[in-house]
>>> print(open('protein.txt').read())   # compact mmCIF, C-alpha atoms
# COMPACT_ATOMS: atom_id res chain seq x y z
CA MET A 1 74.85 122.30 36.76
CA GLU A 2 77.25 122.71 33.88
CA ARG A 3 80.67 123.55 35.30
CA THR A 4 81.97 126.61 33.49
CA TRP A 5 84.94 128.95 33.84
CA ARG A 6 85.46 132.59 32.96
CA TRP A 7 88.29 132.71 30.45
CA PHE A 8 89.72 135.92 28.98
CA GLY A 9 90.57 134.71 25.51
CA LYS A 10 93.58 133.34 23.71
CA ASN A 11 95.97 135.63 25.60
CA ASP A 12 94.74 134.42 29.00
CA LYS A 13 97.60 132.98 31.05
CA ILE A 14 95.18 130.18 31.99
CA THR A 15 94.92 127.97 28.91
CA LEU A 16 92.02 125.87 27.69
CA ALA A 17 94.23 122.80 28.02
CA MET A 18 94.59 123.56 31.73
CA LEU A 19 90.83 123.99 32.09
CA LYS A 20 90.10 120.71 30.35
CA GLU A 21 92.33 118.91 32.86
CA ILE A 22 90.40 120.23 35.86
CA GLY A 23 86.96 119.19 34.57
CA VAL A 24 85.62 122.40 33.07
CA GLN A 25 82.79 121.69 30.64
CA GLY A 26 81.85 125.12 29.34
CA ILE A 27 83.68 128.38 28.73
CA VAL A 28 82.38 131.83 29.71
CA THR A 29 84.09 134.48 27.62
CA ALA A 30 83.73 137.41 25.24
CA LEU A 31 85.34 139.06 22.22
CA HIS A 32 87.62 141.23 24.33
CA ASP A 33 89.33 142.76 21.31
CA VAL A 34 86.14 144.31 19.90
CA PRO A 35 85.59 147.89 21.18
CA ASN A 36 82.42 148.48 23.19
CA GLY A 37 79.49 149.35 20.96
CA GLU A 38 80.77 147.74 17.79
CA VAL A 39 79.07 144.74 16.17
CA TRP A 40 80.45 141.30 16.99
CA SER A 41 80.89 139.76 13.55
CA ARG A 42 79.85 136.20 12.93
CA GLU A 43 83.36 135.46 11.66
CA LYS A 44 85.03 136.52 14.92
CA ILE A 45 82.47 134.64 17.00
CA SER A 46 82.94 131.53 14.88
CA ASP A 47 86.72 131.67 15.16
CA LEU A 48 86.63 131.75 18.97
CA ARG A 49 83.85 129.16 19.21
CA LYS A 50 85.78 126.69 17.06
CA TYR A 51 88.95 127.30 19.08
CA ILE A 52 87.11 126.47 22.31
CA GLU A 53 85.49 123.40 20.77
CA SER A 54 88.89 122.13 19.59
CA TYR A 55 89.64 121.53 23.30
CA GLY A 56 86.48 119.52 23.84
CA MET A 57 84.50 122.29 25.57
CA ARG A 58 81.74 124.62 24.42
CA TRP A 59 81.25 128.37 24.55
CA SER A 60 78.41 128.27 27.08
CA VAL A 61 77.88 131.90 28.09
CA VAL A 62 78.91 135.30 26.79
CA GLU A 63 80.18 137.41 29.67
CA SER A 64 79.79 139.97 28.59
CA LEU A 65 78.41 141.70 25.54
CA PRO A 66 78.82 145.14 27.17
CA VAL A 67 75.92 147.56 27.41
CA CYS A 68 77.50 150.91 26.56
CA GLU A 69 77.25 153.78 29.02
CA SER A 70 75.26 155.79 26.46
CA ILE A 71 72.51 153.16 26.56
CA LYS A 72 72.46 153.34 30.35
CA TYR A 73 72.19 157.14 30.57
CA ALA A 74 70.10 157.48 27.37
CA GLY A 75 72.62 159.31 25.20
CA HIS A 76 71.82 160.61 21.72
CA ASP A 77 73.36 157.55 20.06
CA ARG A 78 71.67 154.86 22.15
CA ASP A 79 69.38 153.66 19.35
CA HIS A 80 72.38 153.14 17.07
CA LEU A 81 74.20 151.26 19.82
CA ILE A 82 71.14 149.12 20.54
CA ALA A 83 70.89 148.29 16.82
CA ASN A 84 74.51 147.09 16.93
CA TYR A 85 73.74 145.09 20.07
CA LYS A 86 70.84 143.35 18.34
CA GLU A 87 73.05 142.45 15.39
CA SER A 88 75.63 140.96 17.74
CA LEU A 89 72.92 138.92 19.47
CA LYS A 90 71.76 137.58 16.12
CA ASN A 91 75.32 136.62 15.14
CA LEU A 92 75.88 134.84 18.45
CA ALA A 93 72.68 132.85 18.01
CA LEU A 94 73.64 131.84 14.48
CA GLU A 95 76.83 130.39 15.96
CA GLY A 96 74.87 128.42 18.58
CA ILE A 97 75.55 130.66 21.60
CA HIS A 98 72.32 131.61 23.35
CA THR A 99 73.11 132.98 26.83
CA VAL A 100 74.41 136.50 27.52
CA CYS A 101 75.39 137.78 30.96
CA TYR A 102 75.47 141.59 31.13
CA ASN A 103 75.17 144.34 33.71
CA PHE A 104 73.43 147.70 33.98
CA MET A 105 75.77 149.28 36.54
CA PRO A 106 76.66 152.91 35.74
CA VAL A 107 80.38 153.61 35.19
CA LEU A 108 81.75 151.30 37.87
CA ASP A 109 81.47 147.56 37.57
CA TRP A 110 82.24 145.50 40.69
CA ALA A 111 84.10 147.49 43.36
CA ARG A 112 86.69 146.48 45.96
CA THR A 113 89.16 148.51 48.00
CA ASP A 114 91.71 145.75 48.68
CA LEU A 115 92.60 143.10 46.11
CA GLU A 116 95.01 141.23 48.40
CA HIS A 117 93.33 141.21 51.80
CA PRO A 118 95.01 138.60 54.03
CA ASN A 119 92.98 135.63 55.26
CA PRO A 120 93.83 133.83 58.53
CA ASN A 121 95.14 130.83 56.54
CA GLY A 122 97.72 132.87 54.59
CA THR A 123 95.77 133.23 51.35
CA THR A 124 94.35 136.56 50.20
CA ASN A 125 90.94 137.64 48.97
CA LEU A 126 89.06 140.66 47.66
CA TYR A 127 87.73 143.07 50.30
CA PHE A 128 85.44 146.11 50.45
CA SER A 129 85.96 148.73 53.17
CA HIS A 130 83.31 151.44 53.48
CA ALA A 131 85.81 153.77 55.13
CA GLN A 132 88.44 153.38 52.41
CA PHE A 133 85.87 153.71 49.65
CA ALA A 134 84.51 156.86 51.31
CA TYR A 135 88.07 158.20 51.57
CA PHE A 136 88.49 157.62 47.82
CA ASP A 137 85.14 159.32 47.14
CA ILE A 138 85.75 162.36 49.34
CA CYS A 139 89.52 162.90 49.33
CA ILE A 140 90.76 161.52 46.00
CA LEU A 141 87.82 161.79 43.64
CA LYS A 142 86.57 164.92 45.47
CA ARG A 143 83.03 164.29 44.26
CA GLU A 144 80.71 167.19 44.94
CA GLY A 145 78.45 166.41 47.89
CA ALA A 146 80.21 163.11 48.60
CA ALA A 147 80.43 163.58 52.37
CA ALA A 148 76.65 163.89 52.63
CA ASP A 149 76.26 160.34 51.24
CA TRP A 150 78.20 158.70 54.06
CA PRO A 151 77.07 158.10 57.68
CA ALA A 152 78.81 159.75 60.63
CA ASP A 153 80.72 156.63 61.74
CA VAL A 154 82.25 156.21 58.28
CA LEU A 155 83.17 159.90 58.14
CA GLU A 156 84.99 159.50 61.46
CA GLU A 157 87.03 156.67 59.94
CA VAL A 158 87.80 158.85 56.92
CA GLU A 159 89.24 161.53 59.23
CA LYS A 160 91.54 158.91 60.74
CA LEU A 161 92.62 157.73 57.28
CA LYS A 162 93.53 161.29 56.28
CA LYS A 163 96.25 161.19 58.92
CA THR A 164 97.77 157.90 57.81
CA MET A 165 97.28 157.52 54.04
CA THR A 166 100.39 158.19 51.95
CA PRO A 167 100.57 159.14 48.24
CA ASP A 168 101.47 155.52 47.52
CA ASP A 169 98.41 154.37 49.49
CA ASP A 170 96.25 156.77 47.48
CA HIS A 171 97.69 155.48 44.22
CA LYS A 172 97.03 151.87 45.20
CA LEU A 173 93.45 152.69 46.16
CA VAL A 174 92.85 154.33 42.78
CA GLU A 175 94.28 151.27 41.03
CA ASN A 176 92.14 148.89 43.08
CA ILE A 177 88.86 150.76 42.61
CA ILE A 178 88.93 152.13 39.06
CA VAL A 179 91.79 150.49 37.17
CA LYS A 180 92.66 146.88 38.01
CA THR A 181 89.04 145.76 38.47
CA GLN A 182 87.57 147.69 35.55
CA GLY A 183 89.64 147.65 32.36
CA PHE A 184 89.29 143.95 31.65
CA VAL A 185 85.57 144.05 32.55
CA SER A 186 84.03 147.24 31.20
CA GLY A 187 86.74 148.71 29.00
CA ASN A 188 86.03 152.16 30.47
CA ILE A 189 89.41 152.70 32.14
CA ARG A 190 92.57 150.74 31.46
CA GLU A 191 95.96 150.49 33.13
CA ASP A 192 97.65 152.56 30.41
CA ASP A 193 95.38 155.59 30.93
CA GLU A 194 97.52 158.48 32.17
CA HIS A 195 94.85 160.27 34.21
CA PRO A 196 92.39 157.63 35.43
CA VAL A 197 90.80 159.80 38.15
CA GLU A 198 90.03 162.63 35.74
CA LEU A 199 88.63 160.18 33.17
CA PHE A 200 86.52 158.63 35.91
CA ARG A 201 85.14 162.07 36.85
CA GLN A 202 84.14 162.61 33.23
CA LEU A 203 82.28 159.30 33.18
CA LEU A 204 80.46 160.18 36.39
CA ASP A 205 79.43 163.55 34.92
CA LEU A 206 77.48 161.72 32.20
CA TYR A 207 75.05 160.55 34.88
CA LYS A 208 74.35 163.90 36.53
CA GLY A 209 70.65 164.09 37.31
CA ILE A 210 69.99 160.42 36.53
CA THR A 211 67.74 158.99 39.26
CA LYS A 212 67.00 155.39 40.09
CA ASP A 213 63.64 155.64 38.32
CA GLN A 214 65.27 157.10 35.20
CA LEU A 215 67.93 154.39 35.13
CA ARG A 216 65.18 151.78 35.47
CA GLU A 217 63.32 153.26 32.53
CA ASN A 218 66.52 153.23 30.47
CA MET A 219 66.92 149.54 31.28
CA ARG A 220 63.31 148.90 30.30
CA TYR A 221 63.87 150.75 27.01
CA PHE A 222 66.92 148.61 26.24
CA LEU A 223 65.21 145.33 27.10
CA GLU A 224 62.04 146.12 25.15
CA ALA A 225 64.17 147.01 22.14
CA ILE A 226 66.14 143.76 22.10
CA MET A 227 63.40 141.30 23.10
CA PRO A 228 62.09 140.78 19.52
CA VAL A 229 65.57 139.57 18.51
CA CYS A 230 65.81 137.45 21.67
CA ASP A 231 62.43 135.88 20.89
CA GLU A 232 63.33 135.19 17.26
CA TYR A 233 66.75 133.67 18.02
CA ASP A 234 66.13 132.28 21.54
CA MET A 235 68.69 134.52 23.24
CA ARG A 236 68.62 134.40 27.04
CA MET A 237 69.61 137.74 28.56
CA CYS A 238 70.61 137.49 32.22
CA VAL A 239 71.52 140.65 34.11
CA HIS A 240 74.21 140.50 36.79
CA PRO A 241 73.30 141.96 40.19
CA ASP A 242 75.04 145.16 41.23
CA ASP A 243 78.27 144.57 43.12
CA PRO A 244 78.23 145.80 45.81
CA PRO A 245 74.44 145.71 46.11
CA PHE A 246 73.95 149.29 47.31
CA PRO A 247 74.36 152.82 45.85
CA ILE A 248 77.90 154.17 45.53
CA LEU A 249 79.44 157.42 44.27
CA GLY A 250 76.03 159.06 44.02
CA LEU A 251 75.08 156.62 41.27
CA PRO A 252 71.79 154.72 41.34
CA ARG A 253 71.97 150.93 41.49
CA ILE A 254 68.94 149.02 40.26
CA VAL A 255 69.69 145.29 40.73
CA THR A 256 70.45 145.06 44.43
CA CYS A 257 67.61 143.24 46.20
CA ASP A 258 64.32 141.35 45.97
CA GLU A 259 62.31 144.43 45.01
CA ASP A 260 64.78 145.36 42.25
CA ILE A 261 64.81 141.87 40.74
CA ARG A 262 61.03 141.68 40.83
CA TRP A 263 60.82 145.09 39.13
CA PHE A 264 62.99 144.35 36.10
CA LEU A 265 61.51 140.88 35.54
CA ASN A 266 57.98 142.32 35.61
CA ALA A 267 58.90 145.46 33.66
CA VAL A 268 59.68 143.30 30.63
CA ASP A 269 57.84 140.09 31.41
CA ASN A 270 59.48 137.84 28.85
CA PRO A 271 61.23 134.54 29.63
CA HIS A 272 64.26 135.76 27.66
CA ASN A 273 64.66 138.57 30.21
CA GLY A 274 66.32 136.76 33.08
CA LEU A 275 68.82 136.88 35.91
CA THR A 276 72.41 135.91 36.47
CA PHE A 277 72.13 134.67 40.04
CA CYS A 278 75.43 135.90 41.52
CA ALA A 279 75.34 134.58 45.05
CA GLY A 280 78.47 136.55 45.90
CA SER A 281 77.12 139.94 44.87
CA LEU A 282 73.79 139.33 46.59
CA SER A 283 75.38 137.98 49.79
CA ALA A 284 77.53 141.12 50.08
CA GLY A 285 74.39 142.94 51.19
CA ALA A 286 73.18 142.06 54.70
CA HIS A 287 69.65 142.97 53.53
CA ASN A 288 69.51 139.99 51.16
CA ASP A 289 68.33 136.50 52.08
CA VAL A 290 70.22 134.72 49.32
CA VAL A 291 68.53 131.32 49.64
CA ASP A 292 65.08 132.91 49.62
CA LEU A 293 65.98 134.89 46.49
CA ALA A 294 67.15 131.69 44.79
CA ARG A 295 63.86 129.95 45.56
CA LYS A 296 61.89 132.90 44.21
CA TYR A 297 63.83 133.47 41.01
CA ALA A 298 65.34 130.11 40.01
CA GLY A 299 62.78 129.85 37.21
CA ARG A 300 64.05 133.06 35.61
CA THR A 301 67.75 132.36 36.25
CA TRP A 302 69.80 131.46 33.16
CA PHE A 303 73.30 131.56 34.66
CA VAL A 304 74.69 131.08 38.18
CA HIS A 305 77.78 132.49 39.90
CA LEU A 306 78.51 130.41 42.98
CA ARG A 307 80.58 132.30 45.51
CA SER A 308 79.90 133.71 48.95
CA CYS A 309 80.69 136.80 51.01
CA HIS A 310 81.19 137.36 54.71
CA VAL A 311 79.75 140.67 55.94
CA PHE A 312 81.26 142.25 59.04
CA PRO A 313 79.18 144.14 61.64
CA ASN A 314 80.20 147.51 60.14
CA GLY A 315 79.03 146.47 56.67
CA ASP A 316 82.49 145.79 55.20
CA PHE A 317 82.65 142.50 53.34
CA THR A 318 85.14 140.00 52.02
CA GLU A 319 84.98 137.04 49.69
CA ALA A 320 84.40 133.96 51.83
CA SER A 321 85.14 130.28 51.43
CA HIS A 322 82.80 128.58 48.97
CA LEU A 323 81.71 126.46 51.95
CA GLY A 324 81.12 129.47 54.21
CA GLY A 325 79.84 133.02 54.22
CA ARG A 326 76.24 134.16 53.85
CA ALA A 327 75.32 132.48 50.57
CA ASP A 328 74.83 128.83 51.69
CA ILE A 329 76.10 127.38 48.43
CA ILE A 330 75.05 123.85 49.43
CA GLU A 331 71.40 124.88 49.59
CA LEU A 332 71.73 126.97 46.43
CA ALA A 333 73.06 123.91 44.62
CA ARG A 334 69.96 121.97 45.69
CA ILE A 335 67.64 124.71 44.46
CA PHE A 336 69.25 125.19 41.06
CA GLU A 337 69.85 121.47 40.40
CA LYS A 338 66.16 120.81 41.04
CA THR A 339 65.17 123.65 38.70
CA ASN A 340 67.56 122.94 35.83
CA PRO A 341 70.55 120.57 36.13
CA GLU A 342 71.86 121.87 32.77
CA LEU A 343 72.14 125.45 34.06
CA PRO A 344 75.64 126.89 33.45
CA MET A 345 77.49 127.75 36.66
CA ARG A 346 80.90 129.19 37.41
CA VAL A 347 82.59 129.53 40.78
CA ASP A 348 83.41 133.19 40.06
CA HIS A 349 86.13 134.73 42.24
CA GLY A 350 88.58 132.67 44.21
CA MET A 351 91.36 133.03 46.77
CA THR A 352 94.86 133.98 45.70
CA MET A 353 97.01 131.11 46.93
CA LEU A 354 100.18 129.04 46.40
CA GLY A 355 101.89 131.50 44.05
CA ASP A 356 98.83 132.79 42.19
CA GLU A 357 99.87 136.31 43.21
CA SER A 358 103.02 136.19 41.05
CA ARG A 359 101.38 135.03 37.82
CA GLY A 360 99.68 138.21 36.67
CA TYR A 361 96.08 137.03 36.76
CA ASN A 362 93.18 139.47 36.66
CA ALA A 363 92.02 140.55 40.12
CA GLY A 364 89.78 137.90 41.63
CA TYR A 365 90.47 135.44 38.81
CA SER A 366 93.31 133.32 40.16
CA PHE A 367 93.89 129.83 38.81
CA LEU A 368 94.69 127.73 41.87
CA GLY A 369 92.21 129.58 44.05
CA ARG A 370 89.39 129.07 41.59
CA MET A 371 90.43 125.48 40.98
CA PHE A 372 90.23 124.88 44.75
CA ALA A 373 86.75 126.44 44.75
CA MET A 374 85.72 124.36 41.75
CA GLY A 375 86.78 121.22 43.60
CA GLN A 376 84.66 122.21 46.58
CA VAL A 377 81.65 122.93 44.37
CA GLN A 378 82.08 119.72 42.37
CA GLY A 379 81.89 117.80 45.64
CA ILE A 380 78.73 119.69 46.61
CA LEU A 381 77.12 118.98 43.23
CA ALA A 382 78.01 115.28 43.32
CA THR A 383 76.40 114.98 46.76
CA VAL A 384 73.31 116.96 45.80
CA ASP A 385 72.89 114.98 42.59
CA ARG A 386 72.95 111.74 44.58
CA GLU A 387 70.26 113.17 46.87
CA LEU A 388 68.14 114.09 43.87
CA GLY A 389 68.75 110.92 41.88
CA ILE A 390 70.61 112.78 39.12
CA GLU A 391 73.56 111.04 37.46
CA TYR A 392 76.78 112.98 38.12
CA LYS A 393 79.65 112.55 35.67
CA GLN A 394 83.15 113.86 36.04
CA PRO A 395 84.57 114.51 32.54
CA GLY A 396 87.99 113.13 31.74
CA PHE A 397 87.70 109.84 33.65
CA TYR A 398 86.80 106.30 32.68
CA GLU A 399 83.43 105.39 34.14
>>> encode(input="protein.txt", output="structure tokens")
Amino acid sequence: MERTWRWFGKNDKITLAMLKEIGVQGIVTALHDVPNGEVWSREKISDLRKYIESYGMRWSVVESLPVCESIKYAGHDRDHLIANYKESLKNLALEGIHTVCYNFMPVLDWARTDLEHPNPNGTTNLYFSHAQFAYFDICILKREGAAADWPADVLEEVEKLKKTMTPDDDHKLVENIIVKTQGFVSGNIREDDEHPVELFRQLLDLYKGITKDQLRENMRYFLEAIMPVCDEYDMRMCVHPDDPPFPILGLPRIVTCDEDIRWFLNAVDNPHNGLTFCAGSLSAGAHNDVVDLARKYAGRTWFVHLRSCHVFPNGDFTEASHLGGRADIIELARIFEKTNPELPMRVDHGMTMLGDESRGYNAGYSFLGRMFAMGQVQGILATVDRELGIEYKQPGFYE
């Protein structure tokens, strides 16, 4: 697979020169300075593409061209926003960029409760605690009817947390769930917002009464609207699975499991409607057989995120080693290399290690931790390629 890296633009503390040195072939990025819903101009796309190419790499995947909330909940302006989206797709294609990773998660993108959870080896990783998330939902957000959405054992843990959580703990939980993991991804809430919880409540209110079936139909509407442009310009749309892969905050989630993936692929049965196979998101749900899903959907997968999660008996999960966890990345590499050895892949999240924590990286997107993961995955790919008789080349070295 093509070894790619998520890069957050020219202001990213991790430079393209650094990425070239560690063997990255393709860049996964976006026009982060363009507000959600506005057209990505060909000029802006061209400027960033040429900058990436000046370092000997290519802009492989857009992650992401955001789908505005109004498209997801079917607001009055969704047709206008979809028209802008189609224009951006056209402009990307004209600049030679043909793969777009997006998500259809309402309000909240990926969710974690602890961004610095200690590992036994001294590194830290991202972590999701059902009890802490329920505490946020019930005690901080104070969502109407929230307690009814959580099982009795989790509610018991929430009662214990009420006795120990301090205002500083509450503030950190808010930052972890709706600020530090969201602003650089969705643009909905940023670190300079003065009242993030109130703004978050307002976003949730936009989805009142939206069921899973209605959200599915809104996704179908969006995909049917953009497919003619995708067909004309060969744009591969690949939706990212919901993370975590189960309902949260009373919001429906529609890309969580085998049945969900089968639904959206069949709902708009077009090869340009495809999947981002995020092994980490899928492995965070104990209901998912990740290897089986890869075998089933490799032919409609246009982008791969290789990471893995460990799920605890109570359902909490943490990011695992790229050689461990539930995802079985070695077998996934075999499946996707057999299907398409040119498929773009990134290692996604990584450990925070060896000083990463002091360098101001986005949560989950450390440099040394991801470089370590990339080294592990490069070794896997080299071994798998030898098994399959595929020539493996490491860029930057004399052959």
>>> residues_around(input="protein.txt", residues="segment 338-342 of chain A", least_positions_apart="3", cutoff="7 Å", atoms="only C-alpha atoms", output="NGL selection string")
:A and (1-2 or 298-299 or 334-335)
>>> write_last_selection(input="protein.txt", atoms="C-alpha atoms", output="PDB file, in the frame of the given file")
ATOM      1  CA  MET A   1      74.850 122.300  36.760  1.00  0.00           C
ATOM      2  CA  GLU A   2      77.250 122.710  33.880  1.00  0.00           C
ATOM      3  CA  ALA A 298      65.340 130.110  40.010  1.00  0.00           C
ATOM      4  CA  GLY A 299      62.780 129.850  37.210  1.00  0.00           C
ATOM      5  CA  ARG A 334      69.960 121.970  45.690  1.00  0.00           C
ATOM      6  CA  ILE A 335      67.640 124.710  44.460  1.00  0.00           C
TER       7      ILE A 335
END
>>> residues_around(input="protein.txt", residues="Thr211 of chain A", least_positions_apart="2", cutoff="10 Å", atoms="all atoms listed in the file", output="PyMOL selection string")
chain A and resi 73+207-209+213-217+250-253
>>> atom_distance(input="protein.txt", atom1="atom CA of Val28 of chain A", atom2="atom CA of Gly325 of chain A")
24.7 Å
>>> closest_atom_pairs(input="protein.txt", of="segment 160-262 of chain A", to="segment 127-146 of chain A", cutoff="10 Å", atoms="all atoms listed in the file", output="tab-separated table")
residue	atom	partner	partner_atom	distance
A:Lys160	CA	A:Ala131	CA	9.5
A:Leu161	CA	A:Tyr135	CA	7.3
A:Lys162	CA	A:Tyr135	CA	7.8
A:Met165	CA	A:Tyr135	CA	9.6
A:Asp170	CA	A:Ile140	CA	7.4
A:His171	CA	A:Ile140	CA	9.4
A:Leu173	CA	A:Phe136	CA	7.2
A:Val174	CA	A:Phe136	CA	7.4
A:Ile177	CA	A:Phe133	CA	8.2
A:Val197	CA	A:Leu141	CA	6.6
A:Glu198	CA	A:Leu141	CA	8.2
A:Phe200	CA	A:Leu141	CA	8.5
A:Arg201	CA	A:Leu141	CA	7.3
A:Leu204	CA	A:Arg143	CA	9.2
A:Pro244	CA	A:Phe128	CA	8.6
A:Ile248	CA	A:Phe133	CA	9.0
A:Leu249	CA	A:Asp137	CA	6.7
A:Gly250	CA	A:Ala146	CA	7.4
>>> residues_around(input="protein.txt", residues="segment 261-263 of chain A", least_positions_apart="6", cutoff="10 Å", atoms="all atoms listed in the file", output="number ranges by chain")
A: 216, 220, 239, 241, 254-255, 269, 274-275, 293, 296-297
>>> build_atoms(input="protein.txt", residues="segment 100-122 of chain A", atoms="N, CA and C atoms", output="mmCIF file, in the coordinates of the input")
data_model
loop_
_atom_site.group_PDB
_atom_site.id
_atom_site.type_symbol
_atom_site.label_atom_id
_atom_site.label_comp_id
_atom_site.auth_asym_id
_atom_site.auth_seq_id
_atom_site.Cartn_x
_atom_site.Cartn_y
_atom_site.Cartn_z
ATOM 1 N N VAL A 100 73.588 135.304 27.373
ATOM 2 C CA VAL A 100 74.410 136.500 27.520
ATOM 3 C C VAL A 100 74.241 137.066 28.924
ATOM 4 N N CYS A 101 75.342 137.117 29.669
ATOM 5 C CA CYS A 101 75.390 137.780 30.960
ATOM 6 C C CYS A 101 75.857 139.216 30.734
ATOM 7 N N TYR A 102 75.124 140.177 31.286
ATOM 8 C CA TYR A 102 75.470 141.590 31.130
ATOM 9 C C TYR A 102 75.176 142.303 32.437
ATOM 10 N N ASN A 103 75.546 143.571 32.533
ATOM 11 C CA ASN A 103 75.170 144.340 33.710
ATOM 12 C C ASN A 103 74.654 145.710 33.297
ATOM 13 N N PHE A 104 73.939 146.356 34.219
ATOM 14 C CA PHE A 104 73.430 147.700 33.980
ATOM 15 C C PHE A 104 73.907 148.637 35.087
ATOM 16 N N MET A 105 75.170 148.432 35.504
ATOM 17 C CA MET A 105 75.770 149.280 36.540
ATOM 18 C C MET A 105 76.407 150.506 35.885
ATOM 19 N N PRO A 106 76.057 151.701 36.327
ATOM 20 C CA PRO A 106 76.660 152.910 35.740
ATOM 21 C C PRO A 106 78.140 153.041 36.085
ATOM 22 N N VAL A 107 78.962 153.262 35.075
ATOM 23 C CA VAL A 107 80.380 153.610 35.190
ATOM 24 C C VAL A 107 81.218 152.508 35.836
ATOM 25 N N LEU A 108 80.911 152.205 37.097
ATOM 26 C CA LEU A 108 81.750 151.300 37.870
ATOM 27 C C LEU A 108 81.128 149.917 37.908
ATOM 28 N N ASP A 109 81.900 148.944 37.447
ATOM 29 C CA ASP A 109 81.470 147.560 37.570
ATOM 30 C C ASP A 109 81.709 147.153 39.026
ATOM 31 N N TRP A 110 82.055 145.912 39.299
ATOM 32 C CA TRP A 110 82.240 145.500 40.690
ATOM 33 C C TRP A 110 83.359 146.302 41.351
ATOM 34 N N ALA A 111 83.180 146.612 42.644
ATOM 35 C CA ALA A 111 84.100 147.490 43.360
ATOM 36 C C ALA A 111 84.671 146.806 44.595
ATOM 37 N N ARG A 112 85.992 146.927 44.762
ATOM 38 C CA ARG A 112 86.690 146.480 45.960
ATOM 39 C C ARG A 112 87.754 147.513 46.306
ATOM 40 N N THR A 113 88.105 147.592 47.580
ATOM 41 C CA THR A 113 89.160 148.510 48.000
ATOM 42 C C THR A 113 90.499 147.819 48.206
ATOM 43 N N ASP A 114 90.481 146.521 48.449
ATOM 44 C CA ASP A 114 91.710 145.750 48.680
ATOM 45 C C ASP A 114 91.626 144.478 47.847
ATOM 46 N N LEU A 115 92.598 144.282 46.973
ATOM 47 C CA LEU A 115 92.600 143.100 46.110
ATOM 48 C C LEU A 115 93.456 141.978 46.679
ATOM 49 N N GLU A 116 94.129 142.234 47.787
ATOM 50 C CA GLU A 116 95.010 141.230 48.400
ATOM 51 C C GLU A 116 94.841 141.252 49.908
ATOM 52 N N HIS A 117 93.606 141.155 50.359
ATOM 53 C CA HIS A 117 93.330 141.210 51.800
ATOM 54 C C HIS A 117 93.698 139.868 52.423
ATOM 55 N N PRO A 118 94.543 139.870 53.465
ATOM 56 C CA PRO A 118 95.010 138.600 54.030
ATOM 57 C C PRO A 118 93.911 137.838 54.768
ATOM 58 N N ASN A 119 93.846 136.542 54.520
ATOM 59 C CA ASN A 119 92.980 135.630 55.260
ATOM 60 C C ASN A 119 93.775 134.988 56.390
ATOM 61 N N PRO A 120 93.108 134.478 57.420
ATOM 62 C CA PRO A 120 93.830 133.830 58.530
ATOM 63 C C PRO A 120 94.704 132.655 58.093
ATOM 64 N N ASN A 121 94.368 132.005 56.957
ATOM 65 C CA ASN A 121 95.140 130.830 56.540
ATOM 66 C C ASN A 121 96.325 131.169 55.638
ATOM 67 N N GLY A 122 96.580 132.474 55.401
ATOM 68 C CA GLY A 122 97.720 132.870 54.590
ATOM 69 C C GLY A 122 97.393 133.183 53.146
#
